[in-house]
Amino acid sequence: MRIKKLSAECFGAFKGWESCDLDSNIIIVHGENESGKTTLFKLISTILYGWNPVSDNPYIPWDESYGQCEALISLKDNNDVKVKRSLKSRAEGHVLTGGVRRSLGNGPISCLNYLPNEIFNEVYMLSSDTLRFPDEKTWAMLQDELLGGQYRTMLNPVKQVMSALEEEAAGLWRSDRRGNPKDKRLGENKREMKSKLKEASENEDRLYELEEKIDTLGKEIEALSARRLEINSMLEYSGELYPVYKKKQRLDEYMRAGKYGSQFEYLPDNPFKAISNLEDGKRSLYEEYRSLAKERDRLKGIIDALTEQDKSLLSYRDIIENLKKKYSQIESDINTVSDIENEIERLKDRLDYRSKSVLRGGWQDSCYDILRSIDEAELRSAIDSFSRASSKYNDEYARLSGHKADSRSNFSGALWLIPVLLLLFSSGGLIFSDSTSMMILSGSMLLLGLCFSAIYLIYRKGRKSVIKEAAERVKKAAGDRDEAIDGVGKALNGLPIASQRLQNPGESLVVDVSTLIDLAEKIADDVERRNTIAKRLEDASSTAKAVIAGGRLSPGFSILGSISMLEKNLKCTEERFSEYTRAEASLSEIESSIGNTEKMIKSIESDIKALLSELEKLEGECLEDKCRLLLESREQLKKAETLKEEMEQSYPDLEKLLYRIESISDEGRDWIFDDEKLSAARISKMETENRLMELKEEMGSCKKELEDRLNRERKDDIRGEIERIEVERESIRIKRDKLILLKNIIYEADRRFREENQPGILQKAGEYIKVITGGRYSGLYMDDEDRSLQVTGNYINDLLDVEKRMLSRGTKEQIYLSLRLALMDQLDSKEETLPIFLDEALVDWDSGRFSNTAGLLQEVSHKRQIFIFTCREDLYRYVGGGAVYMELEYR
Amino acid sequence: MSFKFVHMADLHMDTPFLSKDENLRKTLRLALYESFRSCVDLSLSESVHAFLIAGDLADGDNLSFTSKKFLLEQLERLNHGGIPVFYAPGNHDPYTSRFINELKWPQNVHIFKSTVPESIKVYDSDGNIIGVVIGAGHESRKESRNLSLEFPGADGCIPYVGLLHAYVSGTKCSEGDDRYAPCSISNLLETGYDYWALGHIHKREVLCDSPYIVYPGNISGRDPGETGQKGVYLVEIKHKDIVDAKFIPTSKVYWENIYIDSLSGIRGTSELEKTICEEIVKSIEKSSMAGMNPLYRVILKGPCPLYNSLDCDETADIEGAVISDLDIKHLEIISEGLTRPVNPGEYRNQPHILGTALSLLDTLSTDDELLLKLAPKDMAGIGAGAGREEKLEYLRSLLSNIDFETAAALLKEDSNED
């Protein structure tokens, strides 16, 4: 590749800039500092690889919004291509080859596709700053690039692969005890399983123990069950026969004791009690006899108590009953008479009081008839006439008084002052005035005063005539009123009315008269009613008096007291008569009973005597002893009979049972009727049952445990798990070994690949450094372990570490230049030979080595174009042969 | 009069089942019990004259409490049915085993407690001899002698039946099995017996049909390696040379392995689940074991885009979904065989690290020194005291498929894949 022309429409400080013709192997770009050498350096990089960075690219001029540059490049096939780069809203690039335009986007030109920009910058674009050992990342890329790096898109980095394999292997198994690889975890699982296996083994042993125990327990339970069965059958036998046996024993005892009593069956059940009962009966009969005699005497007394007076009173029974019925009426009448008399007194008081305000001299009995003759309507009419006449009189009188008052009023009285004053002023004016006008005015006033005087006199005369007419009408009205008063007196028919009431009669007079009439009539009615009731009371009193006399009784204080007394006496008499009747009926019955009782007493006395004579035959010293012995014997006999009945009822097959009891006794097995032995057998049974229960519980517990243990983890299951773990561990270990082997293989392959490819580069670099240093240094070597470059030379025995040894900066730069020249030979050996760019790279070198380097560059320039950016003018002297010199002006 | 008997072997009671799934372990254990119960049922229903057990009745020295109970209960049933039991102990249950000597065996059980063969006559209900059973037992768990050599020759016209737990060499079925009590077919044929009732090989096999030399296989598949129907042989020797041997399945459970290796087009778990379902359905349709409970193991192999995304949970989810969809009893998916869909051959001899690594692998297959040099410093899968050859053998085993793994490790995920 050869760059033939460069131009920049807009790139950093370059605007509309165009290089000279660069069609040469060495281009020396000379310029002072800040003349744009570095910008041109970057421009070429942009042409080859595109804009980097795209955003905020520092080579977009500050006063522009875009960048654009282009180059004409000649390729190894002698074809020229034009490459154009622009950056506006986006980075664009295209290449023009033989009239064909092809877009590059922002990617490298096609012949640089194999070489990353970082490596190009590191190897081909050299300045005093970049002539050093590449940083680790770039070195790794460079290595990869050199060692098959063209496959990096396909292959994983070897270190990464080895690290991953190692990590994966360590996750499976580790020879040390660190970490927690899978094999270790499985080992722990296995240990757990072994522990479980031990438990399962113990479980198995326990299962056999349990089985044996269950077997032993089963046998013991069987033996005890048989023993319990035997005891049960014996106890059952005893339980059936023993009660019968006991009862039979008791029955025999009763029969023996009851034999004496059976000889005196004819005697009462309890002879002693029988005699006592008879004596009690006799005493009771005597008591009854005495009671009957007493009753008989009482009845006779009642019969004798009914007197003649009682019989007489009983004859008036109906009259007394009638009076008794009227009692309430009589009592009411007495109260009514009293009330009426009180009312009459009250009415009379009111009449007297009223009369005093109406009648002259108060009430007189003669007034009663006059009042009854007065026509109330006529009286009311007369009073109305009076009212009208009186009213008319009052009106006329009032009118007269009005006229008189008017004539005496101030105004009327003062009217005369007006003409007087007018006359006085006018006179004065006429006299004392000297002016005509005043004279005229006084004259006018005089005339006016005269006129007013005439009017006043006419008015006085008219007022006197009116008062006179009014006085005449008052007089006539007074006459009419007196006439009406006379009419009222006539309507009262001569009733002596008080004169002041008659002078001014009104409606109140009508009311008063009416009230007097009403009171007088009420008094008359009450007197009549009182007399009627008094008559009725008198009749009843007469009847009562007659009965009292007939019954020879003392009269009462009043009629009501007499009736009450009669009623009380009649009631007593009737009670005595009733008792008398009952006593007469009972007396015959009582007398019959007394006879019977006497007979019964005699019979009992006979029975007692006979029984005592029989009891004398019994054993015993006294009667009580005799009876006691007999009764005791009889009691035993009775018990024997009861027991026998009970046994026959309880045991239908009593005969058979008794026979079996006899047989058992005969067989000598009658121990079952021995309480002590039976008790021992029961205890034995209880013990057997308790033991059986214990054994069964134990058996149940064992079976439960057995069941539980049968469900536990099995040994074979656990063994299977352990074996599985072992298989898995083995597989893991094999896998781990395989991974490590694989890692080792890859490592070895990598080493071999490096060995095969790397030495050529270092050899070439050695040749370059030998030329540059004039043979002082002649060989370069790489230490893969610590990634360092070592140098050797004619006067050096050992390899020198370039970085660690105290080599001068210039020497180091020369070594690294040599390395880069060798690298680029290797990198593009099969591709386009790329230009090399040296930016002030050789500034610190001594003239000898500088000259050697210039010679070397001349030689290199035969196969690759060299751009040397420098501010040194003498450089052209060293390398100038055939070189193009391009001067950059200060920008 | 014919001689009718049941021939079973390799019950392996109390086998430790290697599964994380507790339910599966229980299913397998119960299946084993049920299968033995079916053997006894068959014997009773067929009124056989003898019940032959050709060793490995138990898996270990002793039996669990439950298994002992069960075994005695079943043997008692045979005793009750008047069927004698002939039991020749094998390498798992040599006659020195604890349970053989401690168990109170029912009267009808005869155990061959010697490596020297013993002949027992078998009678019918009328007391006539109808056959002779000649058996021998293993003395230890590693019986290496050829016990068949001591078996006496057949005599007369009575049917002779040999009962032995033995490894018959030179047969296809016994490849890979332990060589206990080894013998050859000719050893057995030389005896002139009418039927050889063998045990030891768990895969059913008739080594010879005239006379019959039979491995009935075990009576219930214990792990995915023991596939197919499991049961016993019902044998009837009607006359010398007329032997009718019929296999009778007794286990309701059987293992079925399904290999799926065309998974390069699978892009998601639901697609994988569908594929697995389809393969199982095909298997069910092909199967002649209707009414039984298959236990499936699906082995995924080969390139698959899901090769590194199927973790335990993901696999368990697929298993659960398929079990639910197809109503099957068990499914186990093995996804370890899946590889990244790459072709290492494409990268050989290329100028990059992978090319160099693949070339190195080729070298390793022949360069033992280099292989030992690259071996892990501390190897987890082999003891520290292992010898050179042992180490080399182990390392070579690690090289299997390592080219795929090398490519998978070095290649980026989005690089060209098949």
# chains A, B, ... in the order shown; residues from 1 in each chain; ligands from 1
$ residues_around --residues "Pro58 in chain A" --least-positions-apart "4" --cutoff "12 Å" --atoms "only C-alpha atoms" --output "list of chain:residue names"
A:Phe11, A:Gly12, A:Ala13, A:Thr39, A:Lys42, A:Leu43, A:Trp51, A:Asn52, A:Pro53, A:Val54, A:Trp62, A:Glu64, A:Ser65, A:Tyr66, A:Gly67, A:Leu87
$ write_last_selection --atoms "N, CA, C and O atoms" --output "short mmCIF file (atom, residue, chain, number, x, y, z; two decimals), in the first residue's frame"
data_model
loop_
_atom_site.label_atom_id
_atom_site.label_comp_id
_atom_site.auth_asym_id
_atom_site.auth_seq_id
_atom_site.Cartn_x
_atom_site.Cartn_y
_atom_site.Cartn_z
N PHE A 11 -10.72 19.09 8.53
CA PHE A 11 -10.21 18.12 9.49
C PHE A 11 -9.25 18.84 10.42
O PHE A 11 -8.15 19.26 10.02
N GLY A 12 -9.65 19.03 11.64
CA GLY A 12 -8.84 19.77 12.60
C GLY A 12 -8.52 21.15 12.05
O GLY A 12 -9.42 21.89 11.63
N ALA A 13 -7.22 21.44 12.03
CA ALA A 13 -6.83 22.76 11.55
C ALA A 13 -6.78 22.83 10.03
O ALA A 13 -6.62 23.89 9.44
N THR A 39 -2.00 16.16 13.65
CA THR A 39 -3.31 16.16 12.99
C THR A 39 -3.25 15.35 11.70
O THR A 39 -4.16 14.54 11.41
N LYS A 42 -3.18 11.76 12.49
CA LYS A 42 -4.52 11.26 12.84
C LYS A 42 -5.40 11.17 11.61
O LYS A 42 -6.23 10.28 11.48
N LEU A 43 -5.18 12.11 10.66
CA LEU A 43 -5.97 12.11 9.43
C LEU A 43 -5.76 10.80 8.67
O LEU A 43 -6.71 10.17 8.20
N TRP A 51 -13.64 7.04 11.57
CA TRP A 51 -13.67 8.04 12.65
C TRP A 51 -13.68 7.36 14.01
O TRP A 51 -14.48 6.47 14.25
N ASN A 52 -12.79 7.81 14.88
CA ASN A 52 -12.77 7.27 16.23
C ASN A 52 -12.27 8.35 17.19
O ASN A 52 -11.13 8.80 17.07
N PRO A 53 -13.09 8.83 18.11
CA PRO A 53 -14.48 8.42 18.31
C PRO A 53 -15.40 9.11 17.33
O PRO A 53 -15.03 10.11 16.73
N VAL A 54 -16.63 8.57 17.23
CA VAL A 54 -17.59 9.15 16.29
C VAL A 54 -18.21 10.41 16.92
O VAL A 54 -18.31 11.45 16.26
N TRP A 62 -13.71 23.50 15.54
CA TRP A 62 -14.66 24.07 16.51
C TRP A 62 -15.69 24.95 15.85
O TRP A 62 -16.80 25.10 16.32
N GLU A 64 -16.96 24.38 12.84
CA GLU A 64 -17.69 23.61 11.82
C GLU A 64 -18.48 22.48 12.49
O GLU A 64 -18.20 22.11 13.64
N SER A 65 -19.46 21.96 11.70
CA SER A 65 -20.25 20.88 12.27
C SER A 65 -19.96 19.57 11.56
O SER A 65 -20.71 18.62 11.67
N TYR A 66 -18.92 19.50 10.81
CA TYR A 66 -18.61 18.25 10.12
C TYR A 66 -17.11 18.16 9.88
O TYR A 66 -16.37 19.14 10.07
N GLY A 67 -16.71 16.93 9.51
CA GLY A 67 -15.32 16.71 9.15
C GLY A 67 -15.25 15.93 7.86
O GLY A 67 -16.15 15.10 7.61
N LEU A 87 -17.75 12.92 8.47
CA LEU A 87 -18.49 12.76 9.75
C LEU A 87 -19.38 13.98 9.90
O LEU A 87 -18.90 15.11 10.04
#
$ interface_residues --of "chain B" --to "chain A" --cutoff "8 Å" --atoms "only C-alpha atoms" --output "compact mmCIF listing (two decimals) with all heavy atoms, in the first residue's frame"
# COMPACT_ATOMS: atom_id res chain seq x y z
N ASP B 14 -32.64 -58.15 48.06
CA ASP B 14 -31.95 -57.05 48.76
C ASP B 14 -30.83 -56.44 47.92
O ASP B 14 -29.81 -56.00 48.44
CB ASP B 14 -31.40 -57.50 50.13
CG ASP B 14 -32.52 -57.81 51.09
OD1 ASP B 14 -33.66 -57.40 50.81
OD2 ASP B 14 -32.26 -58.47 52.11
N THR B 15 -31.07 -56.42 46.61
CA THR B 15 -30.14 -55.72 45.73
C THR B 15 -30.18 -54.23 46.05
O THR B 15 -31.25 -53.66 46.18
CB THR B 15 -30.58 -55.91 44.26
OG1 THR B 15 -30.41 -57.26 43.91
CG2 THR B 15 -29.77 -55.02 43.32
N PRO B 16 -29.01 -53.62 46.20
CA PRO B 16 -29.05 -52.16 46.36
C PRO B 16 -29.26 -51.50 44.99
O PRO B 16 -28.39 -51.60 44.13
CB PRO B 16 -27.66 -51.81 46.93
CG PRO B 16 -26.83 -53.04 46.81
CD PRO B 16 -27.65 -54.17 46.30
N PHE B 17 -30.42 -50.91 44.81
CA PHE B 17 -30.74 -50.31 43.51
C PHE B 17 -30.09 -48.93 43.42
O PHE B 17 -30.31 -48.08 44.29
CB PHE B 17 -32.25 -50.19 43.33
CG PHE B 17 -32.93 -51.52 43.33
CD1 PHE B 17 -33.73 -51.90 44.39
CD2 PHE B 17 -32.75 -52.41 42.28
CE1 PHE B 17 -34.36 -53.13 44.39
CE2 PHE B 17 -33.37 -53.64 42.28
CZ PHE B 17 -34.17 -54.01 43.34
N LEU B 18 -29.31 -48.73 42.36
CA LEU B 18 -28.56 -47.48 42.23
C LEU B 18 -29.40 -46.41 41.56
O LEU B 18 -29.34 -46.22 40.37
CB LEU B 18 -27.28 -47.69 41.41
CG LEU B 18 -26.42 -48.88 41.75
CD1 LEU B 18 -25.12 -48.82 40.96
CD2 LEU B 18 -26.10 -48.94 43.22
N SER B 19 -30.22 -45.77 42.35
CA SER B 19 -31.02 -44.68 41.78
C SER B 19 -31.27 -43.64 42.86
O SER B 19 -31.40 -43.97 44.04
CB SER B 19 -32.36 -45.21 41.26
OG SER B 19 -33.16 -44.13 40.88
N LYS B 20 -31.32 -42.40 42.41
CA LYS B 20 -31.64 -41.34 43.35
C LYS B 20 -33.12 -41.37 43.70
O LYS B 20 -33.53 -40.89 44.73
CB LYS B 20 -31.36 -39.97 42.69
CG LYS B 20 -29.95 -39.49 42.81
CD LYS B 20 -29.88 -38.10 42.22
CE LYS B 20 -28.44 -37.60 42.25
NZ LYS B 20 -28.28 -36.32 41.59
N ARG B 25 -36.69 -47.11 43.38
CA ARG B 25 -36.07 -48.19 44.17
C ARG B 25 -37.16 -49.07 44.78
O ARG B 25 -37.07 -50.30 44.77
CB ARG B 25 -35.19 -47.58 45.28
CG ARG B 25 -33.98 -46.82 44.77
CD ARG B 25 -32.90 -46.74 45.82
NE ARG B 25 -33.31 -46.05 47.01
CZ ARG B 25 -33.06 -44.76 47.27
NH1 ARG B 25 -32.39 -44.03 46.39
NH2 ARG B 25 -33.45 -44.21 48.39
N SER B 64 -32.43 -59.13 54.51
CA SER B 64 -33.12 -58.23 55.43
C SER B 64 -34.27 -58.98 56.10
O SER B 64 -34.71 -60.03 55.62
CB SER B 64 -33.67 -57.02 54.66
OG SER B 64 -34.69 -57.44 53.80
N PHE B 65 -34.72 -58.41 57.18
CA PHE B 65 -35.82 -59.01 57.93
C PHE B 65 -37.02 -59.25 57.02
O PHE B 65 -37.60 -60.34 56.99
CB PHE B 65 -36.18 -58.04 59.07
CG PHE B 65 -37.29 -58.51 59.93
CD1 PHE B 65 -37.06 -59.38 60.98
CD2 PHE B 65 -38.59 -58.07 59.71
CE1 PHE B 65 -38.09 -59.81 61.79
CE2 PHE B 65 -39.62 -58.49 60.51
CZ PHE B 65 -39.38 -59.36 61.55
N THR B 66 -37.37 -58.21 56.25
CA THR B 66 -38.55 -58.29 55.37
C THR B 66 -38.36 -59.38 54.32
O THR B 66 -39.30 -60.16 54.06
CB THR B 66 -38.78 -56.94 54.68
OG1 THR B 66 -38.62 -55.92 55.63
CG2 THR B 66 -40.15 -56.84 54.06
N PRO B 351 -3.80 -23.41 10.80
CA PRO B 351 -2.78 -22.62 11.49
C PRO B 351 -3.34 -21.87 12.69
O PRO B 351 -3.34 -20.64 12.70
CB PRO B 351 -2.29 -21.68 10.41
CG PRO B 351 -3.47 -21.48 9.52
CD PRO B 351 -4.23 -22.75 9.54
N HIS B 352 -3.91 -22.55 13.60
CA HIS B 352 -4.34 -21.91 14.84
C HIS B 352 -4.20 -22.92 15.96
O HIS B 352 -3.89 -24.09 15.74
CB HIS B 352 -5.76 -21.35 14.73
CG HIS B 352 -6.75 -22.30 14.13
ND1 HIS B 352 -6.97 -23.56 14.62
CD2 HIS B 352 -7.56 -22.17 13.04
CE1 HIS B 352 -7.88 -24.15 13.89
NE2 HIS B 352 -8.25 -23.34 12.91
N ILE B 353 -4.47 -22.44 17.15
CA ILE B 353 -4.26 -23.25 18.35
C ILE B 353 -5.09 -24.54 18.32
O ILE B 353 -4.63 -25.60 18.76
CB ILE B 353 -4.55 -22.40 19.62
CG1 ILE B 353 -4.45 -23.23 20.92
CG2 ILE B 353 -5.92 -21.77 19.57
CD1 ILE B 353 -3.05 -23.56 21.26
N LEU B 354 -6.35 -24.44 17.82
CA LEU B 354 -7.19 -25.63 17.76
C LEU B 354 -6.58 -26.68 16.85
O LEU B 354 -6.55 -27.88 17.18
CB LEU B 354 -8.61 -25.25 17.31
CG LEU B 354 -9.60 -26.40 17.14
CD1 LEU B 354 -9.71 -27.22 18.44
CD2 LEU B 354 -10.99 -25.88 16.76
N THR B 356 -3.44 -27.02 16.14
CA THR B 356 -2.28 -27.59 16.83
C THR B 356 -2.73 -28.60 17.89
O THR B 356 -2.14 -29.67 18.05
CB THR B 356 -1.47 -26.46 17.50
OG1 THR B 356 -1.23 -25.46 16.54
CG2 THR B 356 -0.17 -26.98 18.07
N ALA B 357 -3.83 -28.23 18.64
CA ALA B 357 -4.32 -29.12 19.70
C ALA B 357 -4.81 -30.44 19.13
O ALA B 357 -4.54 -31.51 19.70
CB ALA B 357 -5.44 -28.42 20.46
N LEU B 360 -1.97 -32.48 18.22
CA LEU B 360 -1.37 -33.00 19.45
C LEU B 360 -2.13 -34.23 19.94
O LEU B 360 -1.53 -35.22 20.40
CB LEU B 360 -1.38 -31.91 20.52
CG LEU B 360 -0.71 -32.23 21.85
CD1 LEU B 360 0.77 -32.55 21.66
CD2 LEU B 360 -0.86 -31.06 22.81
N LEU B 361 -3.45 -34.18 19.82
CA LEU B 361 -4.28 -35.33 20.24
C LEU B 361 -3.93 -36.57 19.41
O LEU B 361 -3.88 -37.68 19.95
CB LEU B 361 -5.77 -35.01 20.09
CG LEU B 361 -6.34 -34.08 21.16
CD1 LEU B 361 -7.80 -33.74 20.85
CD2 LEU B 361 -6.27 -34.74 22.54
N LEU B 374 1.50 -35.08 30.03
CA LEU B 374 0.34 -34.18 30.10
C LEU B 374 -0.70 -34.63 31.13
O LEU B 374 -1.72 -33.95 31.33
CB LEU B 374 -0.32 -34.06 28.73
CG LEU B 374 0.54 -33.41 27.64
CD1 LEU B 374 -0.25 -33.33 26.33
CD2 LEU B 374 0.97 -32.01 28.05
N ALA B 375 -0.49 -35.77 31.74
CA ALA B 375 -1.47 -36.30 32.71
C ALA B 375 -1.61 -35.33 33.88
O ALA B 375 -0.66 -34.64 34.25
CB ALA B 375 -1.00 -37.65 33.23
N PRO B 376 -2.80 -35.23 34.45
CA PRO B 376 -2.98 -34.38 35.63
C PRO B 376 -2.01 -34.78 36.73
O PRO B 376 -1.72 -35.98 36.89
CB PRO B 376 -4.42 -34.65 36.05
CG PRO B 376 -5.08 -35.18 34.84
CD PRO B 376 -4.03 -35.90 34.06
N ASP B 378 -2.30 -34.68 40.07
CA ASP B 378 -2.98 -35.59 41.00
C ASP B 378 -4.21 -36.11 40.28
O ASP B 378 -5.13 -35.34 40.02
CB ASP B 378 -3.43 -34.83 42.25
CG ASP B 378 -2.25 -34.19 42.94
OD1 ASP B 378 -1.33 -34.92 43.31
OD2 ASP B 378 -2.27 -32.94 43.07
N MET B 379 -4.19 -37.39 40.01
CA MET B 379 -5.35 -37.94 39.29
C MET B 379 -6.39 -38.42 40.29
O MET B 379 -6.08 -39.15 41.24
CB MET B 379 -4.91 -39.06 38.36
CG MET B 379 -4.27 -38.49 37.10
SD MET B 379 -4.11 -39.67 35.80
CE MET B 379 -2.65 -40.52 36.30
N ALA B 380 -7.62 -37.97 40.06
CA ALA B 380 -8.70 -38.30 41.00
C ALA B 380 -9.27 -39.67 40.74
O ALA B 380 -9.72 -40.36 41.66
CB ALA B 380 -9.81 -37.25 40.88
N GLY B 381 -9.21 -40.09 39.48
CA GLY B 381 -9.90 -41.33 39.11
C GLY B 381 -9.04 -42.57 39.25
O GLY B 381 -9.51 -43.68 38.96
N LEU B 398 -9.50 -41.64 29.00
CA LEU B 398 -9.92 -40.23 29.07
C LEU B 398 -9.89 -39.56 27.70
O LEU B 398 -10.55 -38.55 27.48
CB LEU B 398 -9.01 -39.45 30.03
CG LEU B 398 -9.00 -39.88 31.50
CD1 LEU B 398 -8.09 -38.95 32.30
CD2 LEU B 398 -10.41 -39.85 32.10
N LEU B 399 -9.10 -40.12 26.80
CA LEU B 399 -8.97 -39.50 25.48
C LEU B 399 -10.19 -39.71 24.59
O LEU B 399 -10.33 -39.06 23.55
CB LEU B 399 -7.73 -40.05 24.76
CG LEU B 399 -6.38 -39.61 25.34
CD1 LEU B 399 -5.24 -40.31 24.60
CD2 LEU B 399 -6.21 -38.11 25.24
N ILE B 402 -12.30 -36.79 23.28
CA ILE B 402 -11.70 -35.54 23.78
C ILE B 402 -11.50 -34.53 22.65
O ILE B 402 -11.41 -33.32 22.89
CB ILE B 402 -10.38 -35.85 24.52
CG1 ILE B 402 -10.09 -34.71 25.54
CG2 ILE B 402 -9.22 -36.03 23.56
CD1 ILE B 402 -9.08 -35.08 26.58
N GLU B 405 -14.44 -32.40 22.71
CA GLU B 405 -14.41 -31.52 23.87
C GLU B 405 -13.38 -30.41 23.70
O GLU B 405 -13.60 -29.28 24.13
CB GLU B 405 -14.16 -32.32 25.14
CG GLU B 405 -15.40 -33.15 25.48
CD GLU B 405 -15.19 -34.13 26.60
OE1 GLU B 405 -14.55 -33.75 27.58
OE2 GLU B 405 -15.65 -35.28 26.47
N THR B 406 -12.27 -30.74 23.03
CA THR B 406 -11.25 -29.72 22.75
C THR B 406 -11.84 -28.64 21.83
O THR B 406 -11.71 -27.44 22.10
CB THR B 406 -10.03 -30.35 22.08
OG1 THR B 406 -9.59 -31.44 22.87
CG2 THR B 406 -8.91 -29.35 21.91
N ALA B 409 -14.35 -26.58 23.67
CA ALA B 409 -13.76 -25.64 24.63
C ALA B 409 -13.15 -24.44 23.92
O ALA B 409 -13.30 -23.30 24.38
CB ALA B 409 -12.70 -26.35 25.46
N LEU B 410 -12.49 -24.69 22.80
CA LEU B 410 -11.77 -23.60 22.14
C LEU B 410 -12.63 -22.77 21.20
O LEU B 410 -12.40 -21.58 21.02
CB LEU B 410 -10.56 -24.16 21.37
CG LEU B 410 -9.36 -24.53 22.24
CD1 LEU B 410 -8.34 -25.30 21.44
CD2 LEU B 410 -8.72 -23.28 22.83
N LEU B 411 -13.62 -23.43 20.63
CA LEU B 411 -14.44 -22.70 19.67
C LEU B 411 -15.45 -21.83 20.39
O LEU B 411 -16.05 -22.23 21.39
CB LEU B 411 -15.17 -23.68 18.75
CG LEU B 411 -14.31 -24.34 17.68
CD1 LEU B 411 -15.09 -25.45 17.00
CD2 LEU B 411 -13.85 -23.32 16.65
N LYS B 412 -15.65 -20.65 19.87
CA LYS B 412 -16.67 -19.77 20.44
C LYS B 412 -18.05 -20.33 20.12
O LYS B 412 -18.23 -21.04 19.13
CB LYS B 412 -16.52 -18.36 19.88
CG LYS B 412 -15.36 -17.60 20.49
CD LYS B 412 -15.32 -16.17 19.99
CE LYS B 412 -14.18 -15.42 20.65
NZ LYS B 412 -14.00 -14.10 20.07
N ASP B 414 -20.66 -18.99 18.93
CA ASP B 414 -21.32 -18.62 17.68
C ASP B 414 -20.47 -18.92 16.45
O ASP B 414 -20.75 -18.46 15.36
CB ASP B 414 -21.67 -17.12 17.70
CG ASP B 414 -20.44 -16.27 17.99
OD1 ASP B 414 -19.39 -16.86 18.29
OD2 ASP B 414 -20.56 -15.03 17.91
N SER B 415 -19.40 -19.70 16.65
CA SER B 415 -18.59 -20.05 15.48
C SER B 415 -19.32 -21.11 14.67
O SER B 415 -20.32 -21.65 15.09
CB SER B 415 -17.23 -20.57 15.92
OG SER B 415 -17.40 -21.72 16.70
N ASN B 416 -18.80 -21.39 13.53
CA ASN B 416 -19.49 -22.29 12.60
C ASN B 416 -19.77 -23.64 13.25
O ASN B 416 -18.90 -24.28 13.79
CB ASN B 416 -18.63 -22.52 11.35
CG ASN B 416 -18.51 -21.25 10.55
OD1 ASN B 416 -19.37 -20.37 10.65
ND2 ASN B 416 -17.45 -21.13 9.77
$ select_by_dssp --residues "range 18-159 of chain B" --states "alpha helix (DSSP H)" --output "MDAnalysis selection string"
chainID B and resid 22:46 65:80 98:102
$ select_by_dssp --residues "range 12-247 of chain A" --states "strand (DSSP E or B)" --output "PyMOL selection string"
chain A and resi 14-18+26-31+67-74+80-87+91-97+100-103+125-127+155
$ atom_distance --atom1 "CA of Phe850 in chain A" --atom2 "CA of Thr811 in chain A"
11.1 Å
$ atom_distance --atom1 "CA of Glu295 in chain A" --atom2 "CA of Leu587 in chain A"
8.4 Å
$ atom_distance --atom1 "CA of Leu188 in chain B" --atom2 "CA of Gly231 in chain B"
23.2 Å
$ residues_around --residues "Ser264 in chain B" --least-positions-apart "6" --cutoff "10 Å" --atoms "only C-alpha atoms" --output "PyMOL selection string"
chain B and resi 301-307+338-342+417-418
